[in-house]
Amino acid sequence: MLKKVQVLAVFLFFFFMLPIIAGLLPFPNNEKYEPPQVEEKQVVFASADVSTQEASPTDTPVEITPEEQNQTETDVTPSVDSFDVLFVFTHSHETYKPFVKTEKGKVAVYDDQTNLFTMSQVMEDYFRLNGLNAKTLDVDVMSVMKQKGVTMASAYKTVRPYISKELEQNSYDLILDIHRDATGADKSTITHNKVKYAKVAFVIGAENPNYKSNLSYANTLSQTLNKIVPNISRGIIEKKGAGVDGVYNQDLSKSLLLIEIGGIDNTEDEVYRTIAVLAQAISKSFVNQQIAKK
């Protein structure tokens with residue numbers, strides 16, 4: 001009896017193992033099945049906050065192709081009928097306390113290495129991303145003044161021939177003489193949707209023949225800026241009379257604007273956010289209007 005049970009157990013074990021053994025043999029249909037791999041698409045996030053490094057839940061995902069992946073922000077070029085903007089930095093060494101503190105560990109509002117003029121490339125990139133063809137007048141004005149031994153009062157006189165020569169050789173739709181105001185953070189900063197921006201102000205020389213045209217450009221841009229970020233623009237400051245320039249080289253072009261971006265306490269993020277908003281406002285105010293007219 002015991003022998004019969006042993007034989008039956010061996011028999012049952014053999015039939016239990018038979019499918020497993022058969023699966024291991026090299027028959028044509030015994031190839032290992034691998035599920036198809038789903039190709040992962042790279043996703044980048046478009047954000048209104050240019051300083052944000054990580055995507056937030058409200059960000060909009062945008063798929064990019066491998067060809068686009070090889071492009072950088074500076075690869076974005078304007079269209080053939082581009083809107084040409086010239087950057088001028090009359091007070092080229094004006095800077096912001098947090099900028100210099102980060103770079104050099106000291107507090108300063110003027111610096112010959114970390115300043116508005118050295119920020120120009122990043123500014124150009126922001127403008128190009130908004131379809132604007134931006135170029136910087138290639139002169140470090142305050143370095144030239146230092147070489148000549150002249151004071152700040154001669155800044156506009158020093159830069160004038162450089163602007164004149166550039167305008168003889170090239171035409172521009174808008175010229176921005178970019179400055180930094182001397183005000184503190186309480187007057188130079190605005191918070192919108194929990195994000196801080198450097199406020200801007202436009203200075204118009206009321207004693208130049210292009211005054212009305214300059215003023216019109218400034219008013220249009222100021223209003224558009226405030227539609228994008230409420231109260232980011234402090235408006236227009238008109239200058240005339242004794243003790244002030246009253247012209248600011250704005251007689252050289254009807255579209256030359258002096259703009260003050262932020263004050264001495266604004267951070268790098270706050271300033272660059274405002275540059276991005278400024279580029280958007282210019283595009284909305286002037287470029288889109290030109291397209292609509294066509």
# chains A, B, ... in the order shown; residues from 1 in each chain; ligands from 1
call {"tool": "residues_around", "arguments": {"residues": "A:Glu260", "least_positions_apart": "3", "cutoff": "8 Å", "atoms": "only C-alpha atoms", "output": "ChimeraX atom specification"}}
result
/A:178-181,200-203
call {"tool": "residues_around", "arguments": {"residues": "A:Ala281", "least_positions_apart": "2", "cutoff": "9 Å", "atoms": "only C-alpha atoms", "output": "mmCIF file with C-alpha atoms, in the first residue's frame"}}
result
data_model
loop_
_atom_site.group_PDB
_atom_site.id
_atom_site.type_symbol
_atom_site.label_atom_id
_atom_site.label_comp_id
_atom_site.auth_asym_id
_atom_site.auth_seq_id
_atom_site.Cartn_x
_atom_site.Cartn_y
_atom_site.Cartn_z
ATOM 1 C CA LEU A 221 3.744 102.422 -22.102
ATOM 2 C CA SER A 222 2.949 103.400 -18.518
ATOM 3 C CA GLN A 223 -0.731 102.573 -18.967
ATOM 4 C CA THR A 224 0.027 99.183 -20.527
ATOM 5 C CA LEU A 225 2.455 98.300 -17.745
ATOM 6 C CA LYS A 227 -2.707 96.794 -17.008
ATOM 7 C CA ILE A 228 -0.266 93.877 -16.764
ATOM 8 C CA ALA A 276 10.130 90.876 -18.586
ATOM 9 C CA VAL A 277 6.934 92.847 -17.932
ATOM 10 C CA LEU A 278 8.405 95.904 -19.676
ATOM 11 C CA ALA A 279 9.207 93.850 -22.780
ATOM 12 C CA SER A 283 5.113 94.445 -27.485
ATOM 13 C CA LYS A 284 1.467 95.027 -26.532
ATOM 14 C CA SER A 285 1.664 98.829 -26.850
ATOM 15 C CA PHE A 286 3.540 99.199 -30.111
#
call {"tool": "select_by_dssp", "arguments": {"residues": "stretch 148-281 of chain A", "states": "strand (DSSP E)", "output": "tab-separated table (two decimals) with C-alpha atoms, in the first residue's frame"}}
result
chain	number	residue	atom	x	y	z
A	174	LEU	CA	12.17	102.92	-29.43
A	175	ILE	CA	15.16	104.09	-27.41
A	176	LEU	CA	15.33	103.44	-23.67
A	177	ASP	CA	17.82	105.26	-21.47
A	178	ILE	CA	17.72	102.89	-18.47
A	179	HIS	CA	18.41	104.12	-14.95
A	189	THR	CA	8.67	97.76	-4.98
A	190	ILE	CA	5.18	96.45	-5.79
A	191	THR	CA	3.67	93.09	-4.84
A	192	HIS	CA	1.20	91.46	-7.24
A	195	VAL	CA	5.22	88.23	-6.33
A	196	LYS	CA	7.46	91.30	-5.96
A	197	TYR	CA	8.44	93.57	-8.84
A	198	ALA	CA	10.63	96.66	-9.12
A	200	VAL	CA	9.27	101.93	-12.88
A	201	ALA	CA	8.98	105.64	-13.61
A	202	PHE	CA	9.41	107.65	-16.80
A	203	VAL	CA	11.31	110.93	-16.86
A	204	ILE	CA	10.51	113.38	-19.65
A	205	GLY	CA	12.55	116.50	-20.34
A	233	SER	CA	4.45	102.17	-13.07
A	234	ARG	CA	4.74	105.27	-10.92
A	235	GLY	CA	3.83	107.33	-13.98
A	236	ILE	CA	5.53	110.28	-15.65
A	237	ILE	CA	7.97	112.71	-14.04
A	238	GLU	CA	8.41	115.90	-16.06
A	239	LYS	CA	11.64	117.86	-15.59
A	256	LEU	CA	13.63	108.30	-26.65
A	257	LEU	CA	12.42	107.57	-23.12
A	258	LEU	CA	14.28	107.78	-19.84
A	259	ILE	CA	13.05	104.98	-17.59
A	260	GLU	CA	13.98	104.31	-13.98
A	261	ILE	CA	13.70	100.65	-12.99
call {"tool": "atom_distance", "arguments": {"atom1": "atom CA of A:Asn226", "atom2": "atom CA of A:Lys199"}}
result
10.2 Å
call {"tool": "atom_distance", "arguments": {"atom1": "atom CA of A:Lys254", "atom2": "atom CA of A:Asn208"}}
result
9.9 Å
call {"tool": "residues_around", "arguments": {"residues": "A:Asp81", "least_positions_apart": "5", "cutoff": "10 Å", "atoms": "only C-alpha atoms", "output": "ChimeraX atom specification"}}
result
/A:131-133,287,291
call {"tool": "write_last_selection", "arguments": {"atoms": "N, CA and C atoms", "output": "PDB file, in the first residue's frame"}}
result
ATOM      1  N   GLY A 131       9.750  89.030 -28.937  1.00  0.00           N
ATOM      2  CA  GLY A 131       9.713  89.420 -30.341  1.00  0.00           C
ATOM      3  C   GLY A 131      10.304  90.779 -30.634  1.00  0.00           C
ATOM      4  N   LEU A 132      11.094  91.314 -29.698  1.00  0.00           N
ATOM      5  CA  LEU A 132      11.706  92.631 -29.877  1.00  0.00           C
ATOM      6  C   LEU A 132      13.194  92.493 -30.183  1.00  0.00           C
ATOM      7  N   ASN A 133      13.670  93.255 -31.111  1.00  0.00           N
ATOM      8  CA  ASN A 133      15.081  93.207 -31.482  1.00  0.00           C
ATOM      9  C   ASN A 133      15.836  94.264 -30.681  1.00  0.00           C
ATOM     10  N   VAL A 287       4.099  96.967 -30.924  1.00  0.00           N
ATOM     11  CA  VAL A 287       4.220  95.925 -31.958  1.00  0.00           C
ATOM     12  C   VAL A 287       2.843  95.415 -32.376  1.00  0.00           C
ATOM     13  N   ILE A 291       0.832  95.602 -36.078  1.00  0.00           N
ATOM     14  CA  ILE A 291       0.287  94.453 -36.769  1.00  0.00           C
ATOM     15  C   ILE A 291      -1.199  94.667 -37.059  1.00  0.00           C
TER      16      ILE A 291
END
call {"tool": "closest_residue", "arguments": {"among": "A:Ile282, A:Pro209, A:Leu252, A:Asn266", "to": "A:Ser164", "atoms": "only C-alpha atoms"}}
result
A:Leu252
call {"tool": "atom_distance", "arguments": {"atom1": "atom CA of A:Val150", "atom2": "atom CA of A:Leu86"}}
result
25.1 Å
call {"tool": "residues_around", "arguments": {"residues": "A:Val107", "least_positions_apart": "5", "cutoff": "12 Å", "atoms": "only C-alpha atoms", "output": "count of residues only"}}
result
11
call {"tool": "select_by_dssp", "arguments": {"residues": "stretch 92-239 of chain A", "states": "alpha helix (DSSP H)", "output": "MDAnalysis selection string"}}
result
chainID A and resid 97:104 120:128 141:148 155:169 185:188 211:228
call {"tool": "write_last_selection", "arguments": {"atoms": "C-alpha atoms", "output": "CSV table (one decimal), in the first residue's frame"}}
result
chain,number,residue,atom,x,y,z
A,97,LYS,CA,22.6,97.0,-3.1
A,98,PRO,CA,21.5,93.3,-3.2
A,99,PHE,CA,23.3,92.8,-6.5
A,100,VAL,CA,26.7,94.0,-5.2
A,101,LYS,CA,26.2,92.4,-1.8
A,102,THR,CA,25.8,89.0,-3.6
A,103,GLU,CA,28.7,89.4,-6.0
A,104,LYS,CA,31.2,91.2,-3.7
A,120,SER,CA,22.3,94.5,-20.7
A,121,GLN,CA,22.7,91.1,-22.2
A,122,VAL,CA,20.0,89.5,-20.0
A,123,MET,CA,17.8,92.5,-20.8
A,124,GLU,CA,18.3,91.9,-24.5
A,125,ASP,CA,17.4,88.2,-24.1
A,126,TYR,CA,14.1,89.1,-22.3
A,127,PHE,CA,13.2,91.5,-25.1
A,128,ARG,CA,14.0,89.0,-27.8
A,141,VAL,CA,29.6,106.0,-20.2
A,142,MET,CA,30.8,106.4,-16.6
A,143,SER,CA,34.1,104.7,-17.5
A,144,VAL,CA,34.5,107.3,-20.3
A,145,MET,CA,33.7,110.1,-17.8
A,146,LYS,CA,36.3,108.7,-15.4
A,147,GLN,CA,38.9,108.8,-18.1
A,148,LYS,CA,38.0,112.4,-19.0
A,155,ALA,CA,26.8,112.3,-18.1
A,156,TYR,CA,24.2,113.3,-20.7
A,157,LYS,CA,26.7,115.5,-22.6
A,158,THR,CA,29.2,112.6,-22.6
A,159,VAL,CA,26.9,110.0,-24.0
A,160,ARG,CA,25.2,112.4,-26.6
A,161,PRO,CA,27.8,112.0,-29.4
A,162,TYR,CA,27.6,108.2,-29.1
A,163,ILE,CA,23.8,108.2,-29.4
A,164,SER,CA,23.9,110.7,-32.3
A,165,LYS,CA,26.4,108.5,-34.2
A,166,GLU,CA,24.3,105.4,-33.6
A,167,LEU,CA,21.2,107.1,-34.9
A,168,GLU,CA,23.0,108.2,-38.0
A,169,GLN,CA,23.9,104.6,-38.8
A,185,ALA,CA,12.3,99.5,-1.2
A,186,ASP,CA,9.1,101.0,0.2
A,187,LYS,CA,8.6,103.2,-2.8
A,188,SER,CA,10.4,101.1,-5.5
A,211,TYR,CA,8.4,116.7,-25.6
A,212,LYS,CA,4.9,115.9,-26.7
A,213,SER,CA,6.0,112.9,-28.7
A,214,ASN,CA,8.2,111.6,-25.8
A,215,LEU,CA,5.3,112.1,-23.4
A,216,SER,CA,2.9,110.3,-25.6
A,217,TYR,CA,5.2,107.2,-25.8
A,218,ALA,CA,5.7,107.3,-22.1
A,219,ASN,CA,2.0,107.6,-21.3
A,220,THR,CA,1.1,104.7,-23.6
A,221,LEU,CA,3.7,102.4,-22.1
A,222,SER,CA,2.9,103.4,-18.5
A,223,GLN,CA,-0.7,102.6,-19.0
A,224,THR,CA,0.0,99.2,-20.5
A,225,LEU,CA,2.5,98.3,-17.7
A,226,ASN,CA,-0.2,99.0,-15.1
A,227,LYS,CA,-2.7,96.8,-17.0
A,228,ILE,CA,-0.3,93.9,-16.8
